[in-house]
Every structure is written in structure tokens, then in C-alpha cells.
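Containing compact mmCIF, C-alpha atoms: run_38.txt.
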# COMPACT_ATOMS: atom_id res chain seq x y z
CA MET V 1 -10.67 -3.54 -17.49
CA LYS V 2 -11.01 -5.72 -20.55
CA ASP V 3 -7.74 -7.45 -19.72
CA ALA V 4 -8.90 -8.13 -16.20
CA GLN V 5 -12.11 -9.69 -17.47
CA GLN V 6 -10.25 -12.00 -19.77
CA ASP V 7 -7.30 -12.80 -17.57
CA PRO V 8 -8.17 -14.18 -14.11
CA CYS V 9 -4.71 -13.29 -12.74
CA ALA V 10 -5.07 -9.66 -13.83
CA HIS V 11 -8.45 -9.62 -12.12
CA CYS V 12 -6.92 -11.17 -9.00
CA GLU V 13 -4.23 -8.48 -9.06
CA GLU V 14 -6.90 -5.79 -9.01
CA MET V 15 -8.51 -7.41 -5.98
CA MET V 16 -5.26 -7.72 -4.00
CA GLN V 17 -5.25 -4.41 -2.12
CA PRO V 18 -8.96 -4.45 -1.23
CA TYR V 19 -8.63 -8.13 -0.26
CA LEU V 20 -5.76 -7.42 2.15
CA ASP V 21 -7.61 -4.35 3.45
CA HIS V 22 -10.69 -6.53 4.12
CA ILE V 23 -12.96 -4.29 2.13
CA LEU V 24 -14.12 -6.72 -0.57
CA THR V 25 -17.72 -7.86 -0.53
CA GLU V 26 -18.26 -11.43 0.62
CA ALA V 27 -18.84 -12.58 -2.98
CA GLU V 28 -15.63 -10.88 -4.18
CA ARG V 29 -13.64 -12.34 -1.31
CA VAL V 30 -14.82 -15.86 -2.16
CA GLU V 31 -13.99 -15.24 -5.80
CA ALA V 32 -10.47 -14.10 -4.93
CA GLU V 33 -9.90 -17.08 -2.62
CA LEU V 34 -11.13 -19.58 -5.21
CA HIS V 35 -8.60 -18.22 -7.65
CA LEU V 36 -5.81 -18.11 -5.04
CA ASP V 37 -6.45 -21.75 -4.09
CA ASP V 38 -5.57 -22.76 -7.62
CA CYS V 39 -2.96 -20.19 -8.55
CA GLU V 40 0.42 -20.27 -6.90
CA TRP V 41 1.60 -17.42 -9.11
CA CYS V 42 -0.94 -15.01 -7.59
CA ARG V 43 -0.61 -16.56 -4.13
CA ARG V 44 3.12 -15.68 -4.04
CA ARG V 45 2.35 -12.11 -5.01
CA TYR V 46 -0.28 -11.76 -2.30
CA ARG V 47 2.13 -13.14 0.31
CA PHE V 48 4.79 -10.77 -0.93
CA GLU V 49 2.43 -7.80 -0.52
CA GLU V 50 1.58 -8.84 3.04
CA SER V 51 5.26 -9.14 3.94
CA LEU V 52 6.05 -5.87 2.22
CA ARG V 53 3.49 -3.95 4.29
CA ILE V 54 5.01 -5.24 7.52
CA TYR V 55 8.54 -4.61 6.27
CA VAL V 56 7.78 -1.02 5.20
CA ARG V 57 6.27 -0.22 8.57
CA GLN V 58 9.35 -1.58 10.36
CA ALA V 59 11.80 0.10 8.00
CA VAL V 60 10.37 3.58 8.42
CA SER V 61 9.65 3.50 12.15
CA GLU V 62 12.19 5.70 13.89
CA PRO V 63 12.31 6.11 17.64
CA MET V 64 11.62 9.57 18.95
CA PRO V 65 14.85 11.62 19.27
CA SER V 66 16.20 11.55 22.79
CA GLY V 67 15.35 14.72 24.61
CA LEU V 68 12.20 15.48 22.66
CA LYS V 69 9.95 13.98 25.29
CA ALA V 70 11.49 16.24 27.96
CA LYS V 71 11.02 19.26 25.68
CA LEU V 72 7.36 18.37 25.26
CA ALA V 73 6.87 17.90 28.98
CA ALA V 74 8.40 21.36 29.52
CA LEU V 75 5.63 22.85 27.36
CA ARG V 76 3.02 21.92 29.95
CA ILE V 77 1.23 24.90 31.43
CA PRO V 78 2.33 25.24 35.07
CA LEU V 79 -0.29 24.98 37.79
CA ASN V 80 -0.77 28.25 39.64
CA MET S 1 -14.64 27.86 56.55
CA ALA S 2 -14.71 24.09 56.52
CA GLU S 3 -15.56 23.75 52.81
CA ALA S 4 -13.76 25.41 49.95
CA PRO S 5 -15.94 27.87 48.04
CA PRO S 6 -17.52 26.35 44.89
CA ASP S 7 -15.22 28.38 42.67
CA ALA S 8 -12.10 26.86 44.23
CA ALA S 9 -13.57 23.38 43.81
CA ARG S 10 -14.24 24.07 40.15
CA ILE S 11 -10.72 25.38 39.61
CA ALA S 12 -9.21 22.37 41.33
CA SER S 13 -11.31 19.97 39.28
CA GLU S 14 -10.38 21.72 36.07
CA ALA S 15 -6.70 21.58 37.00
CA ARG S 16 -7.00 17.82 37.52
CA ASP S 17 -8.67 17.43 34.10
CA ARG S 18 -5.93 19.46 32.47
CA VAL S 19 -3.13 17.50 34.11
CA ARG S 20 -4.77 14.24 33.04
CA PHE S 21 -5.10 15.57 29.48
CA GLU S 22 -1.43 16.57 29.40
CA GLU S 23 -0.31 13.20 30.70
CA GLU S 24 -2.42 11.31 28.18
CA ALA S 25 -1.12 13.48 25.35
CA LEU S 26 2.50 13.02 26.42
CA ALA S 27 2.04 9.25 26.61
CA LEU S 28 1.18 9.31 22.89
CA SER S 29 4.20 11.36 21.85
CA ASP S 30 6.20 8.39 20.51
CA GLN S 31 3.34 7.44 18.23
CA VAL S 32 2.75 11.04 17.18
CA TYR S 33 6.43 11.47 16.33
CA ARG S 34 6.53 8.24 14.29
CA VAL S 35 3.77 9.54 12.03
CA ALA S 36 5.05 13.13 12.01
CA ARG S 37 8.47 11.96 10.88
CA HIS S 38 7.10 10.96 7.47
CA LEU S 39 4.43 13.63 7.10
CA ALA S 40 7.22 16.18 7.44
CA ASN S 41 10.20 16.27 5.13
CA SER S 42 12.98 15.73 7.66
CA ARG S 43 13.73 14.76 11.26
CA GLU S 44 14.27 18.41 12.20
CA GLU S 45 10.93 19.50 10.76
CA ALA S 46 9.20 16.59 12.45
CA GLU S 47 10.71 17.51 15.78
CA ASP S 48 9.64 21.18 15.40
CA LEU S 49 6.18 20.19 14.31
CA VAL S 50 5.65 17.86 17.23
CA GLN S 51 6.73 20.61 19.63
CA GLU S 52 4.42 23.17 18.02
CA THR S 53 1.62 20.62 18.09
CA TYR S 54 2.01 19.96 21.79
CA ALA S 55 2.31 23.67 22.60
CA ARG S 56 -0.97 24.29 20.78
CA ALA S 57 -2.64 21.19 22.23
CA PHE S 58 -1.79 22.22 25.79
CA ARG S 59 -3.17 25.71 25.18
CA SER S 60 -6.41 24.50 23.63
CA TRP S 61 -6.98 21.35 25.66
CA ARG S 62 -10.54 22.45 26.45
CA SER S 63 -11.57 21.92 22.84
CA PHE S 64 -10.75 18.21 23.09
CA THR S 65 -13.79 16.05 23.85
CA PRO S 66 -12.81 13.42 26.44
CA GLY S 67 -13.46 9.89 25.26
CA THR S 68 -12.76 10.69 21.60
CA ASN S 69 -9.55 9.77 19.81
CA LEU S 70 -6.80 11.94 21.30
CA ARG S 71 -4.11 10.66 18.93
CA ALA S 72 -6.23 11.64 15.91
CA TRP S 73 -6.94 15.04 17.51
CA LEU S 74 -3.20 15.67 17.94
CA LEU S 75 -2.48 14.59 14.38
CA ARG S 76 -5.17 16.93 13.08
CA ILE S 77 -3.38 19.84 14.78
CA LEU S 78 -0.08 18.64 13.39
CA THR S 79 -1.23 18.29 9.77
CA ASN S 80 -2.85 21.74 9.90
CA LEU S 81 0.36 23.27 11.23
CA ASN S 82 2.34 21.43 8.59
CA ILE S 83 0.21 22.94 5.84
CA ASP S 84 -0.13 26.42 7.42
CA ARG S 85 3.59 26.89 7.86
CA GLY S 86 4.27 25.96 4.28
CA ARG S 87 6.36 23.05 5.45
CA ARG S 88 5.11 20.98 2.59
CA SER S 89 7.86 21.60 0.11
CA GLN S 90 5.49 21.02 -2.79
CA ARG S 91 1.92 20.13 -3.48
CA ALA S 92 1.38 17.00 -5.50
CA PRO S 93 3.20 17.69 -8.75
CA GLN S 94 1.19 18.55 -11.82
CA THR S 95 2.45 15.51 -13.65
CA THR S 96 0.82 12.25 -12.71
CA PRO S 97 3.29 10.28 -10.59
CA LEU S 98 4.52 7.01 -11.91
CA GLU S 99 2.37 4.16 -10.84
CA ALA S 100 2.57 0.54 -11.89
CA ASN S 101 0.34 -2.46 -11.39
CA ASP S 102 0.29 -4.14 -8.01
CA TYR S 103 2.43 -7.12 -9.03
CA TYR S 104 5.09 -4.98 -10.71
CA LEU S 105 7.58 -4.78 -7.83
CA TYR S 106 7.49 -8.51 -7.13
CA ASP S 107 7.96 -9.23 -10.82
CA LYS S 108 10.99 -6.92 -10.94
CA LEU S 109 12.58 -8.52 -7.88
CA ALA S 110 11.93 -12.02 -9.20
CA GLU S 111 13.27 -11.06 -12.60
CA ARG S 112 16.49 -9.72 -11.07
CA ASP S 113 17.28 -12.35 -8.42
CA GLY S 114 14.93 -15.22 -9.12
CA VAL S 115 12.02 -16.56 -7.13
CA ALA S 116 12.60 -17.56 -3.49
CA SER S 117 10.78 -20.26 -1.59
CA ASP S 118 9.69 -17.69 0.94
CA GLU S 119 8.27 -14.30 -0.06
CA GLU S 120 9.70 -12.69 3.08
CA LYS S 121 13.15 -13.36 1.64
CA VAL S 122 12.17 -11.50 -1.50
CA VAL S 123 11.09 -8.51 0.59
CA GLU S 124 14.46 -8.52 2.34
CA ARG S 125 16.16 -7.77 -0.96
CA LEU S 126 15.01 -4.21 -0.34
CA SER S 127 17.17 -2.20 2.05
CA GLN S 128 15.83 0.07 4.76
CA ASP S 129 17.35 3.03 2.89
CA ASP S 130 15.53 1.99 -0.30
CA ILE S 131 12.25 2.08 1.57
CA VAL S 132 12.82 5.36 3.42
CA SER S 133 13.86 7.16 0.24
CA ALA S 134 11.09 5.60 -1.85
CA LEU S 135 8.51 6.75 0.70
CA SER S 136 9.87 10.29 0.69
CA ALA S 137 9.59 10.31 -3.11
CA VAL S 138 5.84 9.64 -2.97
CA PRO S 139 3.95 12.95 -3.44
CA HIS S 140 2.48 14.35 -0.22
CA ASP S 141 -1.20 13.71 -0.83
CA PHE S 142 -0.54 10.01 -1.39
CA ARG S 143 2.16 9.74 1.23
CA ASP S 144 -0.08 11.22 3.93
CA ALA S 145 -2.60 8.42 3.40
CA ILE S 146 0.09 5.71 3.57
CA VAL S 147 1.73 7.23 6.64
CA LEU S 148 -1.53 7.56 8.58
CA VAL S 149 -3.12 4.21 7.66
CA ASP S 150 -0.24 1.81 6.99
CA ILE S 151 2.33 3.21 9.40
CA GLY S 152 0.22 5.05 11.98
CA ASP S 153 -2.59 2.47 12.12
CA PHE S 154 -5.31 5.07 11.82
CA SER S 155 -8.69 3.93 10.49
CA TYR S 156 -9.89 5.31 7.15
CA ALA S 157 -12.40 7.40 9.09
CA ASP S 158 -9.74 8.91 11.36
CA ALA S 159 -7.41 9.55 8.42
CA ALA S 160 -10.28 11.26 6.58
CA GLN S 161 -10.92 13.50 9.56
CA ILE S 162 -7.24 14.31 10.07
CA LEU S 163 -6.72 15.19 6.41
CA ASP S 164 -10.16 16.78 6.02
CA ILE S 165 -11.02 14.75 2.93
CA PRO S 166 -13.76 12.15 2.26
CA ILE S 167 -13.14 8.52 3.24
CA GLY S 168 -13.34 7.43 -0.42
CA THR S 169 -10.50 9.83 -1.21
CA VAL S 170 -8.38 8.36 1.61
CA MET S 171 -8.92 4.90 0.15
CA SER S 172 -8.12 5.84 -3.41
CA ARG S 173 -5.02 7.81 -2.37
CA LEU S 174 -3.90 4.90 -0.22
CA HIS S 175 -4.27 2.41 -3.07
CA ARG S 176 -2.58 4.66 -5.60
CA GLY S 177 0.06 5.71 -3.07
CA ARG S 178 1.07 2.09 -2.41
CA ARG S 179 1.39 1.56 -6.15
CA ILE S 180 3.54 4.66 -6.48
CA LEU S 181 5.68 3.49 -3.55
CA LYS S 182 6.19 0.09 -5.17
CA ARG S 183 7.02 1.71 -8.46
CA GLU S 184 9.64 3.88 -6.69
CA LEU S 185 11.06 0.78 -5.02
CA ALA S 186 11.18 -1.11 -8.30
CA ASP S 187 13.05 1.83 -9.86
CA SER S 188 15.59 1.91 -7.02
CA VAL S 189 16.18 -1.83 -7.44
CA THR S 190 16.73 -1.42 -11.17
CA GLU S 191 19.13 1.47 -10.56
CA ASP S 192 21.13 -0.57 -8.04
CA ALA S 193 21.53 -3.32 -10.58
CA SER S 194 22.79 -1.07 -13.38

Whole structure, C-alpha cells version:
Amino acid sequence: MKDAQQDPCAHCEEMMQPYLDHILTEAERVEAELHLDDCEWCRRRYRFEESLRIYVRQAVSEPMPSGLKAKLAALRIPLN
Amino acid sequence: MAEAPPDAARIASEARDRVRFEEEALALSDQVYRVARHLANSREEAEDLVQETYARAFRSWRSFTPGTNLRAWLLRILTNLNIDRGRRSQRAPQTTPLEANDYYLYDKLAERDGVASDEEKVVERLSQDDIVSALSAVPHDFRDAIVLVDIGDFSYADAAQILDIPIGTVMSRLHRGRRILKRELADSVTEDAS
């Protein structure tokens, strides 16, 4: 914590996840944006994190195996 | 008799409700599978789990409250089955998983291949295989939070309900889980280079 108080970039790093999750307070959000306006070093790392989240979601999304949907439909309870 | 007896009307109405429930549940199966795939340890387990989940859901459809989140309800069944059947190969290990600061992965990639003008290009230095195997290396408790929120698009509240843990725990596991994932990715990048 001491580091983060002394080093604005370390503090900005701590705010990155909550900032991108939109869970910072208004005051914290403004604080993060003021720093990001002036700091390309942190700005790059925030942009990287945003891209990474999208990329991870795409990379791990597998289509449902063919045939599974039919197997699920076959589990329906028949009408009497 | 011109009108059906009240009992027949009730049975017919219930049958319509059940068919509608089944159709709505089946329409979500792609999304349920996508999440199940990474809650379970393999494709085969995911496929079994999804089938068991639907079999149970169809049997107990009456316990679903119409108008509430059906996808979350299905996932709740699925995570319970996953735990009950001992399909989780391990609980979170006793040792604290490796976790690095949030900027660590970017720093590693920049250190190895230099800075790019566009951060998306830096992300593309990671292969799909790197990401799939890094995610599977994240311990279950952390991975579940990532899979539900970041991949499945569930809210913190829904994820909390599915996993039966407080919302604050979902958030802390999500934040730590992403750091563990990035640390795993950074390690795979360093290994590739050596």
C-alpha cells in the first residue's frame, strides 16, 4: 500500500480492474482518469487489459458439440 | 359435454407451461455449454454435465419461477452437479496460487517483443492454446468466477447465487483469478521464449 501511495502509477494499477468493472466511486473514477490523461504508460496497460478481456472470451468460446442439442431435446418429458 | 372438465383444462395448461419451459431452456443450451466447458475439466465432462443438468431441469421444472433468470437457474443445477459428482478434480490447492500485479503480463510481453503502437497487437502475441491452457491452470474457485462473469456474462449477483457465496467473495475471486490467469499467461510466454 505504501508503494501505491507514493507512486501514482502503482496506485493507478490497483484501480485498473475496478475501473474497467465500473465499480469505482465517482471520486476514484475521476482520480484514475486524471492520471490516465497524463500517463501514456498506464493508458497502454489499461487498453491492453480491455483487449485482453475480449480476446480471452473469444479464445475460450467453443461451439456446442454437434449432436448435443438433439440429445438434450430427447431428454424432454413426452406429453401423455 | 361441451366444456372440458376443470381438471383437463388444468392439465392442458400445465402441459403448455412445461413445453414452453423446455423450449426456453433448450434455446439457452449453447450459452450453458459455453460456460460448462470451462467449469468442467474437459469437453466430455462438460457434455455429460450439460445432459445431466437438462435431465434434472426437465424433471424439476415446477421449481423454476417464471420471469426469473432461467440461465442462472440452469447453471446453479450444473455447478451443484459438478461438485456433487466429484467432478472437480481438486479443490483450490493449499498453496497460494501464483499471482502477480495487474501490469505484469503486459510488461513481460513488452519486454520480450517490444511495445506495439496498438495494444491489440500485443494481445495477439498470445495464442488461443496459451489462453485455454492458462485458464485451465487457474484453481477452480477463481476460475469459476472468471468463467461466469467474464465469459458467461453473468452479473456478480447471479454468479454469487450460482456459486452460493457472497457477492464480495465473487468480486475478490474474480480480481485475484484474473491476476492468476495473467501470471499463468506470462509464464507460458516466458517458457515459449526459452

Sort by chain and increasing residue number a table of all residues of chain S within 9 Å of chain V, each with its closest pair of atoms and their distance in Å to one decimal, counting all atoms listed in the file, and write it as a tab-separated table.
residue	atom	partner	partner_atom	distance
S:Ala15	CA	V:Leu79	CA	7.3
S:Val19	CA	V:Arg76	CA	8.6
S:Glu22	CA	V:Arg76	CA	7.0
S:Glu23	CA	V:Ala73	CA	8.8
S:Leu26	CA	V:Ala73	CA	7.0
S:Ser29	CA	V:Lys69	CA	7.2
S:Asp30	CA	V:Met64	CA	5.8
S:Gln31	CA	V:Met64	CA	8.6
S:Tyr33	CA	V:Met64	CA	6.1
S:Arg34	CA	V:Ser61	CA	6.1
S:Val35	CA	V:Ser61	CA	8.4
S:Arg37	CA	V:Glu62	CA	7.9
S:His38	CA	V:Val60	CA	8.1
S:Arg43	CA	V:Pro65	CA	8.7
S:Glu47	CA	V:Leu68	CA	7.3
S:Val50	CA	V:Leu72	CA	8.2
S:Gln51	CA	V:Leu72	CA	6.1
S:Tyr54	CA	V:Leu72	CA	6.6
S:Ala55	CA	V:Leu75	CA	5.9
S:Phe58	CA	V:Arg76	CA	6.4
S:Arg59	CA	V:Ile77	CA	7.7
S:Asn101	CA	V:Glu13	CA	7.9
S:Asp102	CA	V:Glu13	CA	6.4
S:Tyr103	CA	V:Arg45	CA	6.4
S:Tyr106	CA	V:Arg45	CA	6.6
S:Asp107	CA	V:Arg45	CA	8.6
S:Asp118	CA	V:Arg44	CA	8.5
S:Glu119	CA	V:Phe48	CA	5.0
S:Glu120	CA	V:Ser51	CA	5.7
S:Val122	CA	V:Phe48	CA	7.4
S:Val123	CA	V:Leu52	CA	5.9
S:Glu124	CA	V:Tyr55	CA	8.1
S:Ser127	CA	V:Ala59	CA	8.3
S:Gln128	CA	V:Ala59	CA	5.2
S:Asp129	CA	V:Ala59	CA	8.1
S:Ile131	CA	V:Val56	CA	6.5
S:Val132	CA	V:Val60	CA	5.8
S:Leu135	CA	V:Val60	CA	8.6
S:Val147	CA	V:Arg57	CA	8.9
S:Asp150	CA	V:Arg57	CA	7.0
S:Ile151	CA	V:Arg57	CA	5.3
S:Gly152	CA	V:Arg57	CA	8.7
S:His175	CA	V:Gln17	CA	7.0

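The space between atom CA of Gly86 of chain S and atom CA of Ile165 of chain S spans 19.0 Å.
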
- Message: Given only C-alpha atoms as the basis, pick out the residue of S:Glu45, S:Glu191, S:Asp144, S:Asp130 nearest to Arg112 of chain S.
- Response: S:Glu191

- Item | Close residues, Ala137 of chain S itself excluded, 10 Å, all atoms listed in the file, min 6 positions apart in chain, as number ranges by chain | S: 97, 131, 143, 180-181, 184-185

- Task: For Phe142 of chain S, list every protein, DNA or RNA residue within 7 Å, evaluated using all atoms listed in the file, and leave out those in the same chain fewer than 2 positions away; present the list as a ChimeraX atom specification.
- Result: /S:138-140,144-146,173-174,177

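The coordinates place atom CA of Arg176 of chain S at 23.2 Å from atom CA of Gln6 of chain V.
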
- Note on the structure: Atom pair atom CA of Thr25 of chain V + atom CA of Arg183 of chain S, distance 27.7 Å

Around segment 64-75 of chain V, fit a box with edges along x, y and z, padding it by 4 Å on each side, then list its centre and edge lengths in Å to one decimal as AutoDock Vina command-line options.
--center_x 10.9 --center_y 16.2 --center_z 24.2 --size_x 18.6 --size_y 21.3 --size_z 18.6

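The shortest atom-to-atom distance to Ile162 of chain S, with only C-alpha atoms taken into account, belongs to S:Ile77 out of S:Ile11, S:Leu70, S:Leu109, S:Ile77.
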